[in-house]
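For reference, run.txt (compact mmCIF, C-alpha atoms):
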# COMPACT_ATOMS: atom_id res chain seq x y z
CA MET A 1 20.67 15.84 -18.43
CA ALA A 2 22.51 13.74 -15.85
CA LYS A 3 25.26 11.41 -16.96
CA GLN A 4 24.04 7.88 -17.42
CA ALA A 5 20.56 8.96 -16.39
CA LYS A 6 18.32 6.14 -15.32
CA GLN A 7 15.75 5.08 -17.84
CA LEU A 8 12.44 3.30 -17.57
CA ASP A 9 14.12 -0.10 -17.99
CA ASP A 10 16.30 0.61 -14.93
CA LEU A 11 13.25 1.61 -12.93
CA PHE A 12 11.47 -1.54 -14.08
CA GLU A 13 14.33 -3.62 -12.70
CA ASP A 14 14.39 -1.65 -9.43
CA VAL A 15 10.68 -2.19 -8.81
CA LEU A 16 10.94 -5.83 -9.91
CA LYS A 17 13.61 -6.36 -7.24
CA ASP A 18 11.50 -4.47 -4.70
CA ILE A 19 8.42 -6.65 -5.26
CA TYR A 20 10.55 -9.82 -5.41
CA TYR A 21 11.92 -8.96 -1.97
CA ALA A 22 8.38 -8.18 -0.79
CA GLU A 23 6.90 -11.47 -2.08
CA LYS A 24 9.66 -13.51 -0.43
CA LYS A 25 9.10 -11.65 2.83
CA ILE A 26 5.35 -12.24 2.60
CA LEU A 27 6.03 -15.92 1.97
CA THR A 28 7.71 -16.14 5.38
CA ALA A 29 5.01 -14.06 7.10
CA LEU A 30 1.91 -15.87 5.81
CA PRO A 31 2.40 -19.17 7.69
CA LYS A 32 2.73 -17.19 10.93
CA MET A 33 -0.41 -15.24 10.14
CA ALA A 34 -2.27 -18.47 9.29
CA LYS A 35 -1.12 -20.02 12.57
CA ALA A 36 -2.22 -16.97 14.57
CA ALA A 37 -5.61 -16.49 12.88
CA GLN A 38 -8.52 -17.56 15.05
CA SER A 39 -11.19 -17.91 12.37
CA ARG A 40 -10.95 -21.03 10.22
CA ASP A 41 -11.90 -19.06 7.14
CA LEU A 42 -9.12 -16.53 7.68
CA LYS A 43 -6.61 -19.29 8.35
CA ALA A 44 -7.68 -20.97 5.09
CA ALA A 45 -7.43 -17.67 3.20
CA PHE A 46 -3.84 -17.13 4.39
CA GLU A 47 -2.91 -20.72 3.52
CA LYS A 48 -4.39 -20.34 0.05
CA HIS A 49 -2.55 -17.06 -0.46
CA GLU A 50 0.71 -18.64 0.64
CA ARG A 51 0.39 -21.15 -2.22
CA GLU A 52 -0.47 -18.34 -4.65
CA THR A 53 2.47 -16.27 -3.43
CA GLN A 54 4.86 -19.13 -4.25
CA GLY A 55 3.48 -19.06 -7.80
CA GLN A 56 3.94 -15.28 -7.90
CA VAL A 57 7.57 -15.64 -6.86
CA ASP A 58 8.02 -18.18 -9.67
CA ARG A 59 6.53 -15.70 -12.17
CA LEU A 60 8.90 -12.98 -11.02
CA GLU A 61 11.83 -15.38 -11.49
CA LYS A 62 10.61 -16.01 -15.04
CA ILE A 63 10.63 -12.27 -15.68
CA PHE A 64 14.17 -11.95 -14.35
CA GLY A 65 14.95 -14.78 -16.80
CA LEU A 66 13.39 -12.80 -19.67
CA LEU A 67 15.76 -9.97 -18.71
CA GLU A 68 18.60 -12.53 -18.66
CA GLN A 69 19.21 -11.77 -15.03
CA THR A 70 19.34 -13.77 -11.84
CA ALA A 71 16.42 -13.06 -9.53
CA LYS A 72 17.51 -10.71 -6.78
CA GLY A 73 15.62 -8.78 -4.14
CA LYS A 74 16.11 -5.21 -3.00
CA LYS A 75 15.07 -4.32 0.52
CA CYS A 76 11.60 -2.83 0.57
CA GLU A 77 10.97 -0.70 3.65
CA ALA A 78 7.23 -0.53 3.16
CA ILE A 79 6.83 -4.31 3.37
CA GLU A 80 9.29 -4.48 6.26
CA GLY A 81 7.06 -2.02 8.11
CA LEU A 82 3.83 -3.86 7.33
CA VAL A 83 5.19 -7.29 8.26
CA LYS A 84 6.56 -5.84 11.50
CA GLU A 85 3.14 -4.35 12.22
CA GLY A 86 1.57 -7.77 11.65
CA GLN A 87 4.03 -9.49 13.97
CA GLU A 88 3.50 -6.90 16.70
CA GLY A 89 -0.24 -7.35 16.31
CA ILE A 90 0.06 -11.11 16.76
CA LYS A 91 2.04 -10.63 19.95
CA GLU A 92 0.00 -7.77 21.36
CA LEU A 93 -3.43 -9.17 20.54
CA LYS A 94 -2.84 -12.78 21.49
CA GLY A 95 -6.05 -14.06 22.99
CA SER A 96 -8.01 -10.97 21.96
CA PRO A 97 -11.07 -11.25 19.75
CA ALA A 98 -9.69 -8.32 17.75
CA LEU A 99 -6.64 -10.28 16.54
CA ASP A 100 -8.26 -11.47 13.33
CA ALA A 101 -9.45 -7.97 12.47
CA ALA A 102 -5.89 -6.69 12.90
CA LEU A 103 -4.44 -9.52 10.79
CA LEU A 104 -6.96 -8.78 8.07
CA ALA A 105 -6.14 -5.07 8.07
CA THR A 106 -2.43 -5.77 7.74
CA ALA A 107 -3.01 -8.32 5.00
CA GLN A 108 -5.11 -5.84 3.05
CA ALA A 109 -2.45 -3.14 3.36
CA VAL A 110 0.05 -5.66 1.97
CA GLU A 111 -2.30 -6.57 -0.90
CA HIS A 112 -2.73 -2.91 -1.82
CA TYR A 113 1.01 -2.38 -1.80
CA GLU A 114 1.36 -5.27 -4.22
CA ILE A 115 -1.55 -4.07 -6.37
CA SER A 116 0.11 -0.68 -6.82
CA ARG A 117 3.50 -2.22 -7.65
CA TYR A 118 2.13 -4.73 -10.16
CA GLY A 119 0.01 -1.99 -11.74
CA THR A 120 3.12 0.12 -12.20
CA LEU A 121 5.17 -2.80 -13.55
CA ILE A 122 2.48 -3.74 -16.08
CA ALA A 123 2.29 -0.18 -17.41
CA TRP A 124 6.08 -0.05 -17.72
CA ALA A 125 6.34 -3.55 -19.29
CA GLN A 126 3.85 -2.51 -21.96
CA ARG A 127 5.76 0.68 -22.63
CA LEU A 128 9.04 -1.28 -22.78
CA ASP A 129 7.48 -3.70 -25.27
CA MET A 130 7.72 -6.73 -22.98
CA PRO A 131 4.37 -8.44 -23.63
CA GLN A 132 5.39 -11.74 -21.97
CA ALA A 133 6.39 -9.97 -18.77
CA ALA A 134 3.21 -7.88 -18.86
CA LYS A 135 1.12 -11.05 -19.15
CA LEU A 136 2.82 -12.75 -16.20
CA LEU A 137 2.47 -9.60 -14.10
CA GLN A 138 -1.20 -9.31 -15.04
CA GLN A 139 -1.86 -12.87 -13.82
CA THR A 140 -0.41 -11.95 -10.46
CA LEU A 141 -2.26 -8.63 -10.31
CA ASP A 142 -5.55 -10.47 -10.92
CA GLU A 143 -4.74 -12.87 -8.06
CA GLU A 144 -3.86 -10.03 -5.71
CA LYS A 145 -7.10 -8.22 -6.47
CA MET A 146 -9.09 -11.40 -5.88
CA THR A 147 -7.28 -11.95 -2.59
CA ASP A 148 -8.06 -8.39 -1.52
CA GLU A 149 -11.74 -8.87 -2.36
CA ALA A 150 -11.87 -12.18 -0.51
CA LEU A 151 -10.34 -10.51 2.55
CA THR A 152 -12.86 -7.67 2.36
CA GLU A 153 -15.68 -10.22 2.29
CA LEU A 154 -14.24 -12.01 5.31
CA ALA A 155 -13.86 -8.72 7.13
CA GLU A 156 -17.39 -7.62 6.43
CA ALA A 157 -19.01 -10.96 7.04
CA ALA A 158 -17.60 -12.13 10.28
CA ILE A 159 -14.33 -11.00 11.66
CA ASN A 160 -15.27 -7.49 12.66
CA ALA A 161 -18.46 -8.72 14.25
CA GLU A 162 -16.50 -11.27 16.26
CA ALA A 163 -14.03 -8.66 17.40
CA GLN A 164 -16.84 -6.42 18.55
CA GLU A 165 -19.17 -8.95 20.11
CA ALA A 166 -16.90 -11.53 21.69
CA ALA A 167 -14.97 -11.28 24.99
CA MET B 168 -8.48 -14.64 26.99
CA ALA B 169 -5.80 -12.05 27.66
CA LYS B 170 -6.34 -9.53 30.41
CA GLN B 171 -7.62 -6.23 29.08
CA ALA B 172 -7.64 -7.68 25.59
CA LYS B 173 -7.73 -5.08 22.88
CA GLN B 174 -11.06 -4.60 21.20
CA LEU B 175 -12.08 -3.27 17.84
CA ASP B 176 -12.38 0.27 19.22
CA ASP B 177 -8.74 0.15 20.33
CA LEU B 178 -7.69 -1.06 16.88
CA PHE B 179 -9.74 1.71 15.31
CA GLU B 180 -7.81 4.27 17.34
CA ASP B 181 -4.48 2.63 16.49
CA VAL B 182 -5.14 2.75 12.75
CA LEU B 183 -6.57 6.27 13.02
CA LYS B 184 -3.28 7.40 14.59
CA ASP B 185 -1.33 5.50 11.94
CA ILE B 186 -3.13 7.19 9.03
CA TYR B 187 -3.00 10.59 10.79
CA TYR B 188 0.77 10.23 11.01
CA ALA B 189 0.86 9.11 7.37
CA GLU B 190 -1.25 12.04 6.10
CA LYS B 191 0.90 14.58 7.95
CA LYS B 192 4.02 12.97 6.52
CA ILE B 193 2.53 13.03 3.01
CA LEU B 194 1.68 16.70 3.52
CA THR B 195 5.38 17.47 3.94
CA ALA B 196 6.41 15.21 1.02
CA LEU B 197 3.96 16.46 -1.63
CA PRO B 198 5.44 19.96 -2.10
CA LYS B 199 8.86 18.36 -2.67
CA MET B 200 7.37 15.94 -5.18
CA ALA B 201 5.55 18.81 -6.94
CA LYS B 202 8.79 20.78 -7.09
CA ALA B 203 10.71 17.82 -8.50
CA ALA B 204 8.12 16.76 -11.09
CA GLN B 205 9.08 17.62 -14.64
CA SER B 206 5.67 17.36 -16.27
CA ARG B 207 3.32 20.27 -15.64
CA ASP B 208 0.38 17.89 -15.32
CA LEU B 209 2.11 15.82 -12.66
CA LYS B 210 3.16 18.96 -10.79
CA ALA B 211 -0.44 20.16 -10.86
CA ALA B 212 -1.70 16.75 -9.69
CA PHE B 213 0.63 16.81 -6.67
CA GLU B 214 -0.36 20.39 -5.85
CA LYS B 215 -4.04 19.50 -6.03
CA HIS B 216 -3.50 16.47 -3.84
CA GLU B 217 -1.63 18.56 -1.29
CA ARG B 218 -4.74 20.72 -0.88
CA GLU B 219 -6.93 17.60 -0.61
CA THR B 220 -4.57 16.07 1.94
CA GLN B 221 -4.97 19.12 4.18
CA GLY B 222 -8.72 18.53 4.08
CA GLN B 223 -8.17 14.86 4.89
CA VAL B 224 -6.08 15.79 7.92
CA ASP B 225 -8.91 18.09 9.05
CA ARG B 226 -11.42 15.23 8.71
CA LEU B 227 -9.21 12.95 10.81
CA GLU B 228 -9.03 15.65 13.47
CA LYS B 229 -12.84 15.79 13.46
CA ILE B 230 -12.94 12.03 14.04
CA PHE B 231 -10.52 12.33 16.95
CA GLY B 232 -12.93 14.98 18.23
CA LEU B 233 -15.87 12.55 17.92
CA LEU B 234 -13.85 10.16 20.09
CA GLU B 235 -13.24 13.07 22.49
CA GLN B 236 -9.53 12.76 21.93
CA THR B 237 -6.75 15.04 20.80
CA ALA B 238 -5.42 14.16 17.36
CA LYS B 239 -2.19 12.25 17.70
CA GLY B 240 -0.07 10.34 15.23
CA LYS B 241 1.65 6.99 15.63
CA LYS B 242 4.74 6.31 13.56
CA CYS B 243 3.86 4.39 10.43
CA GLU B 244 6.85 2.49 9.02
CA ALA B 245 5.20 1.79 5.68
CA ILE B 246 4.79 5.48 4.88
CA GLU B 247 8.26 6.25 6.23
CA GLY B 248 9.60 3.69 3.74
CA LEU B 249 7.60 5.02 0.81
CA VAL B 250 8.45 8.67 1.45
CA LYS B 251 12.12 7.71 1.79
CA GLU B 252 11.89 5.85 -1.52
CA GLY B 253 10.41 8.96 -3.12
CA GLN B 254 13.16 11.21 -1.74
CA GLU B 255 15.89 8.85 -2.90
CA GLY B 256 14.26 8.75 -6.33
CA ILE B 257 14.27 12.55 -6.55
CA LYS B 258 17.97 12.62 -5.71
CA GLU B 259 19.01 9.65 -7.82
CA LEU B 260 16.95 10.51 -10.90
CA LYS B 261 17.58 14.25 -11.01
CA GLY B 262 17.79 15.21 -14.66
CA SER B 263 16.60 11.81 -15.86
CA PRO B 264 13.50 11.49 -18.02
CA ALA B 265 12.44 8.60 -15.76
CA LEU B 266 12.05 10.83 -12.70
CA ASP B 267 8.36 11.49 -13.25
CA ALA B 268 7.62 7.79 -13.76
CA ALA B 269 9.33 7.05 -10.44
CA LEU B 270 7.45 9.84 -8.65
CA LEU B 271 4.19 8.53 -10.03
CA ALA B 272 4.95 4.97 -8.93
CA THR B 273 5.73 6.12 -5.39
CA ALA B 274 2.64 8.31 -5.26
CA GLN B 275 0.45 5.40 -6.35
CA ALA B 276 1.95 3.10 -3.71
CA VAL B 277 1.12 5.79 -1.14
CA GLU B 278 -2.45 6.11 -2.47
CA HIS B 279 -2.95 2.36 -2.23
CA TYR B 280 -1.68 2.33 1.32
CA GLU B 281 -4.23 4.99 2.18
CA ILE B 282 -7.01 3.23 0.28
CA SER B 283 -6.45 0.06 2.31
CA ARG B 284 -6.34 1.95 5.61
CA TYR B 285 -9.47 4.00 4.93
CA GLY B 286 -11.28 0.86 3.72
CA THR B 287 -10.43 -0.85 7.00
CA LEU B 288 -11.43 2.17 9.09
CA ILE B 289 -14.78 2.51 7.32
CA ALA B 290 -15.63 -1.17 7.92
CA TRP B 291 -14.70 -0.81 11.58
CA ALA B 292 -16.53 2.52 12.02
CA GLN B 293 -19.71 0.92 10.68
CA ARG B 294 -19.31 -2.04 13.01
CA LEU B 295 -18.67 0.31 15.94
CA ASP B 296 -21.80 2.27 15.09
CA MET B 297 -19.99 5.49 14.25
CA PRO B 298 -21.88 6.69 11.18
CA GLN B 299 -20.44 10.23 11.27
CA ALA B 300 -16.88 8.92 11.31
CA ALA B 301 -17.70 6.43 8.54
CA LYS B 302 -19.08 9.26 6.39
CA LEU B 303 -15.99 11.44 6.84
CA LEU B 304 -13.70 8.49 6.10
CA GLN B 305 -15.72 7.62 3.00
CA GLN B 306 -15.27 11.16 1.65
CA THR B 307 -11.53 10.77 1.97
CA LEU B 308 -11.53 7.26 0.49
CA ASP B 309 -13.40 8.59 -2.55
CA GLU B 310 -10.78 11.32 -2.97
CA GLU B 311 -7.90 8.85 -2.65
CA LYS B 312 -9.42 6.57 -5.28
CA MET B 313 -9.92 9.51 -7.65
CA THR B 314 -6.33 10.60 -7.09
CA ASP B 315 -5.09 7.08 -7.85
CA GLU B 316 -7.14 6.99 -11.07
CA ALA B 317 -5.87 10.41 -12.10
CA LEU B 318 -2.28 9.25 -11.53
CA THR B 319 -2.91 6.10 -13.58
CA GLU B 320 -4.20 8.23 -16.44
CA LEU B 321 -1.15 10.48 -16.26
CA ALA B 322 1.12 7.44 -16.19
CA GLU B 323 -0.52 5.82 -19.17
CA ALA B 324 -0.91 8.95 -21.21
CA ALA B 325 2.43 10.59 -21.08
CA ILE B 326 4.93 10.02 -18.38
CA ASN B 327 6.03 6.53 -19.27
CA ALA B 328 6.31 7.47 -22.89
CA GLU B 329 8.49 10.45 -22.01
CA ALA B 330 10.71 8.30 -19.83
CA GLN B 331 11.19 5.82 -22.63
CA GLU B 332 11.55 8.14 -25.57
CA ALA B 333 13.48 11.10 -24.24
CA ALA B 334 17.21 11.37 -23.56
Could you write out this file's structure as structure tokens?
Amino acid sequence: MAKQAKQLDDLFEDVLKDIYYAEKKILTALPKMAKAAQSRDLKAAFEKHERETQGQVDRLEKIFGLLEQTAKGKKCEAIEGLVKEGQEGIKELKGSPALDAALLATAQAVEHYEISRYGTLIAWAQRLDMPQAAKLLQQTLDEEKMTDEALTELAEAAINAEAQEAA
Amino acid sequence: MAKQAKQLDDLFEDVLKDIYYAEKKILTALPKMAKAAQSRDLKAAFEKHERETQGQVDRLEKIFGLLEQTAKGKKCEAIEGLVKEGQEGIKELKGSPALDAALLATAQAVEHYEISRYGTLIAWAQRLDMPQAAKLLQQTLDEEKMTDEALTELAEAAINAEAQEAA
């Protein structure tokens, strides 16, 4: 056994910092995605999710508070990569009918990243006997899943068709 | 409208290359994760998924063939970040009872990345009237979802408890 081996509560904190970093990053990316989106519905979806994301950041800060810690992020390479992909897409696809489809794909990859992280955190919070944290995390997970479903509906209903048929 | 604006078929190819790169990367990471895993069930799950991943790579190569193209990857920063996280976890948590919980969390983040990418590709393949590609992609998506569920079951059943109670 390693000295001072990390335990589940250490991992919980690590992933909490990872998703806190990710949410803050997403908060800066969403207004750019909303501005770039061509479809009004997609623009509205990004704007709505920006407001939700602010609430999700607040929940994470509450959980840091439950741990008697100051909220602090830890660089998350996966989100860095996805946000970079989104920014490159905005630049590369400017004026293309496929821009919205690309924005949607990136947004859904981000949602799935968050869904996996919140799923993990909820399981660990339950195991660590932190019911208040688990409840806050569950509220966010529910929102993320609803956002992902809403994006899927947008993708299926209109955006892909526009990308294919326009231009 | 931009000159030579990208269309949905270009995006489809971009994301196909992205997930091809990701699957090949995962194929090199899974044996290391299986080797590091402490629980026999988790080890077996990673070994099983390594075999599945080889089949998923083969399917992607078939789809490149349908497009009359040679299979080619495109660096995917999100997977780079997740695989790096997994490798750091293996090093940092060696000998800790929390190692398996960390491996599981990373594996589930990878699964969710893949689930979002295959979901996107299926929607686009349908729109692009590529039923054969959509069918192959759907087979992989089903496998990825089953893998994610199996990992959730492992996480809930044993691994988290071990991480918390041991040491």
(Q) Between atom CA of A:Gln38 and atom CA of A:Ala78, what distance in Å does the model show, to one decimal? (A)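 Computing the Euclidean distance for atom CA of A:Gln38 and atom CA of A:Ala78 yields 26.1 Å.
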Where does chain A meet chain B within 8 Å, residue by residue, with the nearest atom pair and distance in Å to one decimal for each, counting all atoms listed in the file, listed by chain and rising number, as a Markdown table?
| residue | atom | partner | partner_atom | distance |
| --- | --- | --- | --- | --- |
| A:Met1 | CA | B:Gly262 | CA | 4.8 |
| A:Ala2 | CA | B:Gly262 | CA | 5.1 |
| A:Ala5 | CA | B:Ser263 | CA | 4.9 |
| A:Lys6 | CA | B:Ser263 | CA | 5.9 |
| A:Gln7 | CA | B:Ala265 | CA | 5.3 |
| A:Leu8 | CA | B:Ala265 | CA | 5.6 |
| A:Leu11 | CA | B:Ala269 | CA | 7.2 |
| A:Cys76 | CA | B:Gly248 | CA | 7.5 |
| A:Glu77 | CA | B:Gly248 | CA | 4.6 |
| A:Ala78 | CA | B:Ala245 | CA | 4.0 |
| A:Ile79 | CA | B:Ala245 | CA | 6.7 |
| A:Glu80 | CA | B:Ala245 | CA | 7.5 |
| A:Gly81 | CA | B:Glu244 | CA | 4.6 |
| A:Leu82 | CA | B:Ala245 | CA | 6.0 |
| A:Leu93 | CA | B:Lys173 | CA | 6.4 |
| A:Lys94 | CA | B:Ala169 | CA | 6.9 |
| A:Gly95 | CA | B:Met168 | CA | 4.7 |
| A:Ser96 | CA | B:Ala172 | CA | 4.9 |
| A:Pro97 | CA | B:Gln174 | CA | 6.8 |
| A:Ala98 | CA | B:Gln174 | CA | 5.3 |
| A:Ala101 | CA | B:Leu175 | CA | 7.6 |
| A:Ala102 | CA | B:Leu178 | CA | 7.1 |
| A:Ala105 | CA | B:Thr287 | CA | 6.1 |
| A:Gln108 | CA | B:Ser283 | CA | 6.1 |
| A:Ala109 | CA | B:Ser283 | CA | 5.2 |
| A:His112 | CA | B:His279 | CA | 5.3 |
| A:Tyr113 | CA | B:Ala276 | CA | 5.9 |
| A:Ile115 | CA | B:His279 | CA | 7.8 |
| A:Ser116 | CA | B:Ala276 | CA | 5.2 |
| A:Arg117 | CA | B:Ala276 | CA | 6.8 |
| A:Thr120 | CA | B:Ala272 | CA | 6.1 |
| A:Ala123 | CA | B:Glu323 | CA | 6.9 |
| A:Trp124 | CA | B:Asn327 | CA | 6.8 |
| A:Arg127 | CA | B:Asn327 | CA | 6.8 |
| A:Leu128 | CA | B:Gln331 | CA | 7.4 |
| A:Ala155 | CA | B:Ala290 | CA | 7.8 |
| A:Glu156 | CA | B:Ala290 | CA | 6.8 |
| A:Asn160 | CA | B:Trp291 | CA | 6.8 |
| A:Ala161 | CA | B:Arg294 | CA | 6.8 |
| A:Ala163 | CA | B:Leu175 | CA | 5.7 |
| A:Gln164 | CA | B:Leu175 | CA | 5.8 |
| A:Ala167 | CA | B:Met168 | CA | 7.6 |
Q) Between A:Lys135, A:Leu16, A:Leu66, A:Met33, which has the minimum distance to A:Glu88 (counting all atoms listed in the file)? A)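 Ranking A:Lys135, A:Leu16, A:Leu66, A:Met33 by distance to A:Glu88, first place goes to A:Met33.
Shortest atom-to-atom contact with A:Leu103 among A:Glu52, A:Leu154, A:Tyr118, A:Glu13: A:Leu154, counting all atoms listed in the file.
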Q. How many Å lie between atom CA of A:Asp129 and atom CA of A:Arg59, rounded to one decimal?
A. 17.8 Å
Q. Just how far from atom CA of A:Leu60 is atom CA of A:Ala22, in Å to one decimal?
A. 11.3 Å
Q. Pick from B:His216, B:Gly222, B:Lys210, B:Glu228: nearest to B:Lys312, with all atoms listed in the file counted?
A.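 Looking only at the distances to B:Lys312, the closest residue turns out to be B:His216.
Between B:Lys184 and the residues B:Ala317, B:Ile289, B:Ile230, B:Leu303, the shortest atom-to-atom distance, using all atoms listed in the file, involves B:Ile230.
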Q.
Please determine, counting only C-alpha atoms, which residue among A:Leu151, A:Gly86, A:Gly73, A:Thr53 has the shortest atom-to-atom distance to A:Gln139.
A. A:Thr53
Q) So which residues touch A:Ala29 within 10 Å, counting all atoms listed in the file, skipping near sequence neighbours fewer than 2 positions away, as a list in words? A) Glu23, Lys24, Lys25, Ile26, Leu27, Pro31, Lys32, Met33, Ala34, Phe46, Glu50, Val83, Lys84, Gly86 and Gln87 of chain A
Q.
Using only C-alpha atoms for the distances, tell me which of A:Gln56, A:Phe64, A:Glu153, A:Lys91 is nearest to A:Thr140.
A.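 Residue with the minimum atom-to-atom distance to A:Thr140: A:Gln56.
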Starting from the incomplete input, reconstruct N, CA, C and O atoms of stretch 30-47 of chain A and write that as a PDB file, in the frame of the given file.
ATOM      1  N   LEU A  30       3.255 -15.285   5.918  1.00  0.00           N
ATOM      2  CA  LEU A  30       1.910 -15.870   5.810  1.00  0.00           C
ATOM      3  C   LEU A  30       1.683 -17.100   6.706  1.00  0.00           C
ATOM      4  O   LEU A  30       0.610 -17.214   7.309  1.00  0.00           O
ATOM      5  N   PRO A  31       2.653 -18.033   6.806  1.00  0.00           N
ATOM      6  CA  PRO A  31       2.400 -19.170   7.690  1.00  0.00           C
ATOM      7  C   PRO A  31       2.190 -18.741   9.142  1.00  0.00           C
ATOM      8  O   PRO A  31       1.362 -19.321   9.848  1.00  0.00           O
ATOM      9  N   LYS A  32       2.911 -17.687   9.555  1.00  0.00           N
ATOM     10  CA  LYS A  32       2.730 -17.190  10.930  1.00  0.00           C
ATOM     11  C   LYS A  32       1.353 -16.565  11.108  1.00  0.00           C
ATOM     12  O   LYS A  32       0.716 -16.699  12.147  1.00  0.00           O
ATOM     13  N   MET A  33       0.915 -15.860  10.062  1.00  0.00           N
ATOM     14  CA  MET A  33      -0.410 -15.240  10.140  1.00  0.00           C
ATOM     15  C   MET A  33      -1.501 -16.317  10.142  1.00  0.00           C
ATOM     16  O   MET A  33      -2.488 -16.214  10.865  1.00  0.00           O
ATOM     17  N   ALA A  34      -1.294 -17.369   9.334  1.00  0.00           N
ATOM     18  CA  ALA A  34      -2.270 -18.470   9.290  1.00  0.00           C
ATOM     19  C   ALA A  34      -2.331 -19.160  10.654  1.00  0.00           C
ATOM     20  O   ALA A  34      -3.410 -19.505  11.145  1.00  0.00           O
ATOM     21  N   LYS A  35      -1.177 -19.344  11.263  1.00  0.00           N
ATOM     22  CA  LYS A  35      -1.120 -20.020  12.570  1.00  0.00           C
ATOM     23  C   LYS A  35      -1.830 -19.173  13.630  1.00  0.00           C
ATOM     24  O   LYS A  35      -2.542 -19.700  14.492  1.00  0.00           O
ATOM     25  N   ALA A  36      -1.653 -17.857  13.545  1.00  0.00           N
ATOM     26  CA  ALA A  36      -2.220 -16.970  14.570  1.00  0.00           C
ATOM     27  C   ALA A  36      -3.719 -16.747  14.391  1.00  0.00           C
ATOM     28  O   ALA A  36      -4.426 -16.515  15.378  1.00  0.00           O
ATOM     29  N   ALA A  37      -4.200 -16.822  13.151  1.00  0.00           N
ATOM     30  CA  ALA A  37      -5.610 -16.490  12.880  1.00  0.00           C
ATOM     31  C   ALA A  37      -6.540 -17.391  13.687  1.00  0.00           C
ATOM     32  O   ALA A  37      -6.310 -18.597  13.808  1.00  0.00           O
ATOM     33  N   GLN A  38      -7.577 -16.789  14.235  1.00  0.00           N
ATOM     34  CA  GLN A  38      -8.520 -17.560  15.050  1.00  0.00           C
ATOM     35  C   GLN A  38      -9.640 -18.153  14.199  1.00  0.00           C
ATOM     36  O   GLN A  38     -10.084 -19.265  14.443  1.00  0.00           O
ATOM     37  N   SER A  39     -10.089 -17.408  13.215  1.00  0.00           N
ATOM     38  CA  SER A  39     -11.190 -17.910  12.370  1.00  0.00           C
ATOM     39  C   SER A  39     -10.645 -18.925  11.372  1.00  0.00           C
ATOM     40  O   SER A  39      -9.575 -18.734  10.782  1.00  0.00           O
ATOM     41  N   ARG A  40     -11.382 -20.000  11.179  1.00  0.00           N
ATOM     42  CA  ARG A  40     -10.950 -21.030  10.220  1.00  0.00           C
ATOM     43  C   ARG A  40     -10.901 -20.478   8.813  1.00  0.00           C
ATOM     44  O   ARG A  40     -10.025 -20.834   8.033  1.00  0.00           O
ATOM     45  N   ASP A  41     -11.865 -19.628   8.489  1.00  0.00           N
ATOM     46  CA  ASP A  41     -11.900 -19.060   7.140  1.00  0.00           C
ATOM     47  C   ASP A  41     -10.678 -18.188   6.868  1.00  0.00           C
ATOM     48  O   ASP A  41     -10.104 -18.221   5.778  1.00  0.00           O
ATOM     49  N   LEU A  42     -10.277 -17.407   7.872  1.00  0.00           N
ATOM     50  CA  LEU A  42      -9.120 -16.530   7.680  1.00  0.00           C
ATOM     51  C   LEU A  42      -7.846 -17.358   7.570  1.00  0.00           C
ATOM     52  O   LEU A  42      -6.987 -17.099   6.718  1.00  0.00           O
ATOM     53  N   LYS A  43      -7.746 -18.371   8.413  1.00  0.00           N
ATOM     54  CA  LYS A  43      -6.610 -19.290   8.350  1.00  0.00           C
ATOM     55  C   LYS A  43      -6.519 -19.885   6.935  1.00  0.00           C
ATOM     56  O   LYS A  43      -5.453 -19.899   6.317  1.00  0.00           O
ATOM     57  N   ALA A  44      -7.653 -20.349   6.424  1.00  0.00           N
ATOM     58  CA  ALA A  44      -7.680 -20.970   5.090  1.00  0.00           C
ATOM     59  C   ALA A  44      -7.294 -19.954   4.010  1.00  0.00           C
ATOM     60  O   ALA A  44      -6.589 -20.284   3.047  1.00  0.00           O
ATOM     61  N   ALA A  45      -7.747 -18.712   4.194  1.00  0.00           N
ATOM     62  CA  ALA A  45      -7.430 -17.670   3.200  1.00  0.00           C
ATOM     63  C   ALA A  45      -5.926 -17.401   3.173  1.00  0.00           C
ATOM     64  O   ALA A  45      -5.335 -17.252   2.101  1.00  0.00           O
ATOM     65  N   PHE A  46      -5.298 -17.364   4.339  1.00  0.00           N
ATOM     66  CA  PHE A  46      -3.840 -17.130   4.390  1.00  0.00           C
ATOM     67  C   PHE A  46      -3.089 -18.329   3.801  1.00  0.00           C
ATOM     68  O   PHE A  46      -2.086 -18.145   3.106  1.00  0.00           O
ATOM     69  N   GLU A  47      -3.585 -19.524   4.071  1.00  0.00           N
ATOM     70  CA  GLU A  47      -2.910 -20.720   3.520  1.00  0.00           C
ATOM     71  C   GLU A  47      -3.018 -20.737   1.994  1.00  0.00           C
ATOM     72  O   GLU A  47      -2.055 -21.041   1.294  1.00  0.00           O
TER      73      GLU A  47
END
